[in-house]
$ cat input_27.csv   # CSV, C-alpha atoms and all ligand atoms
chain,number,residue,atom,x,y,z
A,242,MET,CA,105.4,90.8,91.5
A,243,ILE,CA,106.6,88.9,94.6
A,244,ILE,CA,104.0,89.8,97.2
A,245,ASN,CA,105.7,88.3,100.3
A,246,GLU,CA,108.8,90.4,100.7
A,247,GLU,CA,110.3,92.6,103.4
A,248,SER,CA,109.7,95.8,101.5
A,249,LYS,CA,105.9,95.5,101.6
A,250,ILE,CA,103.8,97.3,104.0
A,251,TRP,CA,100.6,95.5,104.9
A,252,LEU,CA,97.4,97.3,106.1
A,253,PHE,CA,94.6,95.3,107.5
A,254,ASP,CA,91.1,96.5,108.2
A,255,TYR,CA,89.9,95.0,111.4
A,256,ASP,CA,86.1,94.2,111.4
A,257,LEU,CA,85.1,91.5,108.9
A,258,THR,CA,88.6,91.5,107.5
A,259,LEU,CA,90.9,90.2,110.4
A,260,TYR,CA,87.9,88.1,111.5
A,261,GLY,CA,85.6,86.8,108.9
A,262,GLU,CA,81.9,86.7,108.0
A,263,GLU,CA,81.5,83.5,110.0
A,264,GLU,CA,82.0,85.6,113.1
A,265,ARG,CA,79.7,88.4,112.1
A,266,HIS,CA,78.0,88.1,115.5
A,267,VAL,CA,81.1,90.0,116.8
A,268,LEU,CA,80.2,93.0,114.7
A,269,ASP,CA,76.5,92.5,115.4
A,270,SER,CA,77.2,92.8,119.1
A,271,LEU,CA,78.9,96.1,118.6
A,272,ASP,CA,76.2,97.3,116.2
A,273,HIS,CA,73.7,96.6,118.9
A,274,ARG,CA,75.5,98.9,121.3
A,275,ILE,CA,75.7,101.6,118.5
A,276,THR,CA,71.9,101.3,118.0
A,277,LEU,CA,71.4,101.7,121.8
A,278,PHE,CA,73.6,104.9,121.6
A,279,VAL,CA,71.6,106.2,118.7
A,280,LYS,CA,68.4,105.5,120.6
A,281,ARG,CA,69.7,107.3,123.6
A,282,THR,CA,70.8,110.3,121.6
A,283,THR,CA,67.8,110.7,119.3
A,284,GLY,CA,65.0,109.5,121.5
A,285,VAL,CA,63.5,107.3,118.8
A,286,SER,CA,62.5,103.6,119.1
A,287,LEU,CA,65.1,100.8,118.9
A,288,GLU,CA,63.9,99.9,115.5
A,289,GLN,CA,64.1,103.5,114.2
A,290,ALA,CA,67.5,103.8,115.8
A,291,SER,CA,68.8,100.8,113.9
A,292,GLU,CA,67.6,102.4,110.6
A,293,ILE,CA,69.4,105.7,111.5
A,294,ARG,CA,72.6,103.8,112.3
A,295,LYS,CA,72.6,102.2,108.9
A,296,LYS,CA,71.5,105.4,107.1
A,297,TYR,CA,74.4,107.4,108.7
A,298,TRP,CA,76.9,104.7,107.7
A,299,VAL,CA,75.8,105.1,104.1
A,300,ASP,CA,75.4,108.9,104.1
A,301,TYR,CA,78.4,109.9,106.3
A,302,GLY,CA,80.8,107.0,106.0
A,303,THR,CA,80.4,106.0,109.6
A,304,THR,CA,77.5,106.2,112.1
A,305,LEU,CA,79.7,108.3,114.3
A,306,ALA,CA,80.3,110.9,111.6
A,307,GLY,CA,76.5,111.2,111.2
A,308,LEU,CA,75.9,111.5,114.9
A,309,HIS,CA,78.6,114.1,115.1
A,310,ALA,CA,77.2,116.1,112.2
A,311,GLU,CA,73.5,115.9,113.3
A,312,TYR,CA,73.8,115.8,117.1
A,313,GLN,CA,77.3,117.2,117.8
A,314,VAL,CA,78.1,113.9,119.5
A,315,ASP,CA,81.6,113.7,121.2
A,316,PRO,CA,83.4,110.7,119.7
A,317,ASN,CA,84.9,109.7,123.0
A,318,ASP,CA,81.4,109.6,124.6
A,319,PHE,CA,80.2,107.5,121.7
A,320,PHE,CA,83.1,105.0,122.0
A,321,ASP,CA,83.0,104.9,125.8
A,322,PHE,CA,79.4,103.9,125.6
A,323,ILE,CA,79.6,101.4,122.8
A,324,HIS,CA,82.7,99.7,124.1
A,325,LEU,CA,81.2,99.1,127.5
A,326,ASN,CA,81.6,95.4,127.9
A,327,ASP,CA,78.0,94.7,128.1
A,328,GLY,CA,77.1,91.9,125.8
A,329,LEU,CA,80.0,92.5,123.5
A,330,ILE,CA,81.4,89.4,121.7
A,331,PHE,CA,85.0,89.0,120.6
A,332,PRO,CA,86.5,86.7,117.9
A,333,LYS,CA,87.7,83.3,119.0
A,334,LYS,CA,91.4,82.3,119.4
A,335,ALA,CA,92.8,81.8,115.9
A,336,PRO,CA,96.1,79.8,115.8
A,337,GLN,CA,95.9,79.4,112.0
A,338,LYS,CA,95.6,83.1,111.6
A,339,ARG,CA,98.6,83.6,113.8
A,340,ILE,CA,100.7,81.2,111.6
A,341,LEU,CA,99.5,83.1,108.5
A,342,LEU,CA,100.4,86.5,109.9
A,343,GLU,CA,103.8,85.3,111.1
A,344,SER,CA,104.6,84.1,107.6
A,345,ILE,CA,104.1,87.5,106.1
A,346,LYS,CA,107.2,89.5,105.6
A,347,GLY,CA,107.2,93.2,105.9
A,348,LYS,CA,105.5,95.6,108.3
A,349,LYS,CA,101.9,95.0,109.3
A,350,TYR,CA,99.5,97.5,110.6
A,351,VAL,CA,95.8,97.6,111.4
A,352,PHE,CA,93.9,100.4,109.7
A,353,THR,CA,90.4,100.7,111.3
A,354,ASN,CA,87.5,103.0,111.7
A,355,ALA,CA,87.0,101.6,115.2
A,356,ARG,CA,88.7,103.0,118.3
A,357,LYS,CA,91.8,101.1,119.3
A,358,ASP,CA,90.4,99.5,122.4
A,359,TRP,CA,87.8,97.6,120.3
A,360,SER,CA,90.3,96.2,117.8
A,361,ASP,CA,93.0,95.6,120.6
A,362,ALA,CA,90.5,93.5,122.6
A,363,GLY,CA,89.6,91.5,119.5
A,364,LEU,CA,93.3,91.0,118.4
A,365,SER,CA,94.1,89.8,122.0
A,366,SER,CA,91.1,87.5,122.0
A,367,MET,CA,92.4,85.9,118.7
A,368,ASP,CA,95.9,85.9,120.2
A,369,ILE,CA,97.4,87.8,117.3
A,370,ALA,CA,97.9,91.3,118.9
A,371,ASP,CA,101.7,90.9,118.8
A,372,CYS,CA,101.7,90.1,115.1
A,373,PHE,CA,101.2,93.8,114.2
A,374,ASP,CA,103.6,96.8,114.3
A,375,GLY,CA,100.9,99.2,115.1
A,376,VAL,CA,97.2,100.2,114.9
A,377,MET,CA,95.9,103.3,113.1
A,378,ASP,CA,92.5,103.8,114.7
A,379,LEU,CA,89.8,106.4,114.3
A,380,LYS,CA,91.1,108.5,117.2
A,381,LYS,CA,94.5,108.8,115.5
A,382,LEU,CA,92.6,109.7,112.3
A,383,ASP,CA,91.1,112.6,114.2
A,384,TRP,CA,87.7,110.8,114.0
A,385,LYS,CA,87.6,111.1,110.2
A,386,GLY,CA,87.8,107.5,109.0
A,387,LYS,CA,87.8,105.7,105.7
A,388,PRO,CA,86.6,106.4,103.0
A,389,SER,CA,87.4,110.1,103.7
A,390,VAL,CA,90.6,111.2,101.8
A,391,ASP,CA,92.0,112.6,105.1
A,392,ALA,CA,92.2,109.1,106.5
A,393,TYR,CA,94.5,107.9,103.7
A,394,ASP,CA,96.6,111.0,104.0
A,395,LYS,CA,97.1,110.4,107.7
A,396,MET,CA,97.8,106.7,107.1
A,397,GLU,CA,100.6,107.6,104.6
A,398,ALA,CA,102.0,110.2,106.9
A,399,PHE,CA,102.1,107.7,109.8
A,400,LEU,CA,103.8,105.1,107.6
A,401,LYS,CA,106.4,107.7,106.5
A,402,LYS,CA,107.2,108.3,110.1
A,403,ALA,CA,107.0,104.8,111.4
A,404,SER,CA,108.3,102.7,108.5
A,405,ILE,CA,111.8,102.1,107.4
A,406,ASN,CA,110.5,101.3,103.9
A,407,SER,CA,109.9,104.1,101.5
A,408,PHE,CA,106.9,103.8,99.3
A,409,ASP,CA,107.1,107.3,97.6
A,410,GLU,CA,108.4,105.9,94.3
A,411,ASN,CA,106.2,102.8,94.4
A,412,PRO,CA,103.0,103.1,96.4
A,413,SER,CA,102.0,99.6,95.3
A,414,GLN,CA,104.3,98.5,98.1
A,415,ILE,CA,101.4,99.3,100.4
A,416,ILE,CA,99.0,96.3,100.4
A,417,PHE,CA,95.6,97.0,101.9
A,418,LEU,CA,93.1,94.3,102.8
A,419,GLU,CA,89.5,95.4,103.3
A,420,ASP,CA,86.0,93.8,103.2
A,421,SER,CA,84.4,97.1,102.1
A,422,ILE,CA,84.8,98.2,98.4
A,423,ARG,CA,84.1,101.8,99.1
A,424,ASN,CA,87.2,101.9,101.4
A,425,LEU,CA,89.4,100.4,98.7
A,426,GLN,CA,88.6,103.1,96.1
A,427,GLU,CA,90.8,105.9,97.5
A,428,ALA,CA,93.6,103.4,98.2
A,429,HIS,CA,93.5,102.3,94.6
A,430,GLU,CA,93.6,105.8,93.4
A,431,ARG,CA,96.8,106.3,95.4
A,432,GLY,CA,98.4,103.3,93.7
A,433,TRP,CA,98.2,101.0,96.7
A,434,THR,CA,97.7,97.3,96.1
A,435,THR,CA,94.2,96.5,97.0
A,436,ILE,CA,92.8,93.1,98.2
A,437,PHE,CA,89.1,92.7,98.6
A,438,VAL,CA,88.3,90.2,101.4
A,439,ASN,CA,84.7,89.3,100.8
A,440,ALA,CA,83.0,86.0,99.9
A,441,THR,CA,79.7,87.3,98.7
A,442,GLN,CA,80.4,90.4,96.5
A,443,GLN,CA,82.3,90.2,93.2
A,444,LYS,CA,85.3,92.6,93.1
A,445,PRO,CA,85.3,95.4,90.4
A,446,ASP,CA,88.0,95.2,87.8
A,447,TRP,CA,90.2,97.9,89.4
A,448,VAL,CA,90.7,95.9,92.6
A,449,ASP,CA,93.9,93.9,92.4
A,450,TYR,CA,93.0,90.7,94.2
A,451,GLN,CA,90.0,89.1,95.9
A,452,LEU,CA,90.0,86.6,98.8
A,453,ASP,CA,86.9,84.8,100.1
A,454,HIS,CA,88.5,84.9,103.6
A,455,LEU,CA,91.7,86.2,105.2
A,456,GLN,CA,93.0,82.7,105.5
A,457,SER,CA,93.1,82.4,101.7
A,458,LEU,CA,95.9,85.0,101.7
A,459,LYS,CA,98.1,82.0,102.3
A,460,LEU,CA,97.5,80.9,98.6
A,461,LEU,CA,98.3,84.4,97.3
A,462,LEU,CA,101.6,84.5,99.3
A,463,GLU,CA,102.6,81.2,97.9
A,464,ASP,CA,101.6,81.9,94.3
A,465,PRO,CA,104.8,82.7,92.2
A,466,HIS,CA,102.7,84.3,89.5
A,467,VAL,CA,101.2,87.0,91.6
B,1,MG,MG,85.6,96.1,107.8
$ encode --input "input_27.csv" --output "C-alpha cells" --more "lines below"
Ligand SMILES: [Mg+2]
Amino acid sequence: MIINEESKIWLFDYDLTLYGEEERHVLDSLDHRITLFVKRTTGVSLEQASEIRKKYWVDYGTTLAGLHAEYQVDPNDFFDFIHLNDGLIFPKKAPQKRILLESIKGKKYVFTNARKDWSDAGLSSMDIADCFDGVMDLKKLDWKGKPSVDAYDKMEAFLKKASINSFDENPSQIIFLEDSIRNLQEAHERGWTTIFVNATQQKPDWVDYQLDHLQSLKLLLEDPHV
C-alpha cells in the first residue's frame, strides 16, 4: 500500500505522540497539576493524590473519568484548574516536525484525550498548529475519551462530516498514530491502520507499524514497500 496519498486520513494523538518521550517533562508538568487537583478534591496528601491519579488512569481510562465517577467532578472545572499556566511546560519549536507534517498528503487531525486549549498551546509552541485540519478533543468527545468505544464512534462521525474522503469501504484509509497500545486496540478492530509510536515497548502483532519517534514516520512515508 502507498501510505502517503491524498485519500488517507491521518489521526495523531497529542501527548507523547506529537511530541516525544524526550520531552516527557511537558506531560509531567501537566500531571503535576492533575495531582494537585486530585489532592484538592480528595483531601489526601500529594503522594497519595499521585497514586490516585495513576490508579484512575488505569481503572477508568483517564484520571478525569475516575474523578467524575467517584467525586462527580465537572470536566470544565478540572481542565480550568489543570491548564492554569502555573508551571506548565510546552514542547519546543520543531521545524523538522513541520517539514515532516507538510510532506504528508491527506487530511490530518489531532485525536486527543486532552482539552483543546492544552494541545493547541503545545502545537503553537512547536509551530505546527496550522499543519492540521482540526482537533478532536475530549470536550468534543463529550468527555468520554479513548479507549472508550464512544470516542472512536464520534471520531468517525466527525470525519464523515468533515472529510471529503470516504472511508466506509476501506477503513484502513484512517491512519492512527498513538503512544498508548490500549488506545490502538479499538482502532484496529475497526480496520484503521495503526501506528504505535513508542521507543520502549514492543508492539503486539496486530499493530501495523511501529515508530520509535514521530520523526521516523519520514522513513515509512518514503518506503515503497509499505
Ligand atoms: Mg499519548
$ residues_near_point --input "input_27.csv" --point "(92.4, 88.5, 120.3)" --cutoff "10 Å" --atoms "all atoms listed in the file" --output "list in words"
Tyr260, Phe331, Pro332, Lys333, Lys334, Ala335, Ser360, Asp361, Ala362, Gly363, Leu364, Ser365, Ser366, Met367, Asp368, Ile369, Ala370 and Asp371 of chain A
$ residues_near_ligand --input "input_27.csv" --ligand "ligand MG 1 (chain B)" --cutoff "8 Å" --atoms "all atoms listed in the file" --output "list of chain:residue names"
A:Asp254, A:Tyr255, A:Asp256, A:Leu257, A:Thr258, A:Thr353, A:Glu419, A:Asp420, A:Ser421
$ atom_distance --input "input_27.csv" --atom1 "atom CA of A:Val467" --atom2 "atom CA of A:Leu259"
21.7 Å
$ closest_residue --input "input_27.csv" --among "A:Asp272, A:Glu397, A:Glu262, A:Glu430" --to "A:Glu292" --atoms "all atoms listed in the file"
A:Asp272
$ closest_residue --input "input_27.csv" --among "A:Ser389, A:Thr434, A:Thr282, A:Ser291" --to "A:Asp315" --atoms "only C-alpha atoms"
A:Thr282
$ closest_residue --input "input_27.csv" --among "A:Lys387, A:Leu455, A:Thr304, A:Asp409" --to "A:Arg339" --atoms "all atoms listed in the file"
A:Leu455
$ closest_residue --input "input_27.csv" --among "A:Gln289, A:Thr435, A:Gln337, A:Thr276" --to "A:Ser457" --atoms "all atoms listed in the file"
A:Gln337
$ closest_residue --input "input_27.csv" --among "A:Leu460, A:Ile415, A:Val314, A:Ile293" --to "A:Gly432" --atoms "all atoms listed in the file"
A:Ile415
$ atom_distance --input "input_27.csv" --atom1 "atom CA of A:Asp318" --atom2 "atom CA of A:Met396"
24.2 Å
$ closest_residue --input "input_27.csv" --among "A:Asp374, A:Glu410, A:Glu343, A:Asp453" --to "A:Leu252" --atoms "only C-alpha atoms"
A:Asp374
$ atom_distance --input "input_27.csv" --atom1 "atom CA of A:Leu329" --atom2 "atom CA of A:Phe352"
21.1 Å
$ residues_around --input "input_27.csv" --residues "A:Asn326" --least-positions-apart "5" --cutoff "12 Å" --atoms "all atoms listed in the file" --output "list in words"
Ser270, Leu271, Arg274, Phe320, Asp321, Phe331, Asp358, Trp359 and Ala362 of chain A
$ residues_around --input "input_27.csv" --residues "A:Trp384" --least-positions-apart "4" --cutoff "10 Å" --atoms "all atoms listed in the file" --output "ChimeraX atom specification"
/A:303,305-306,309,315-317,354-356,378-380,392
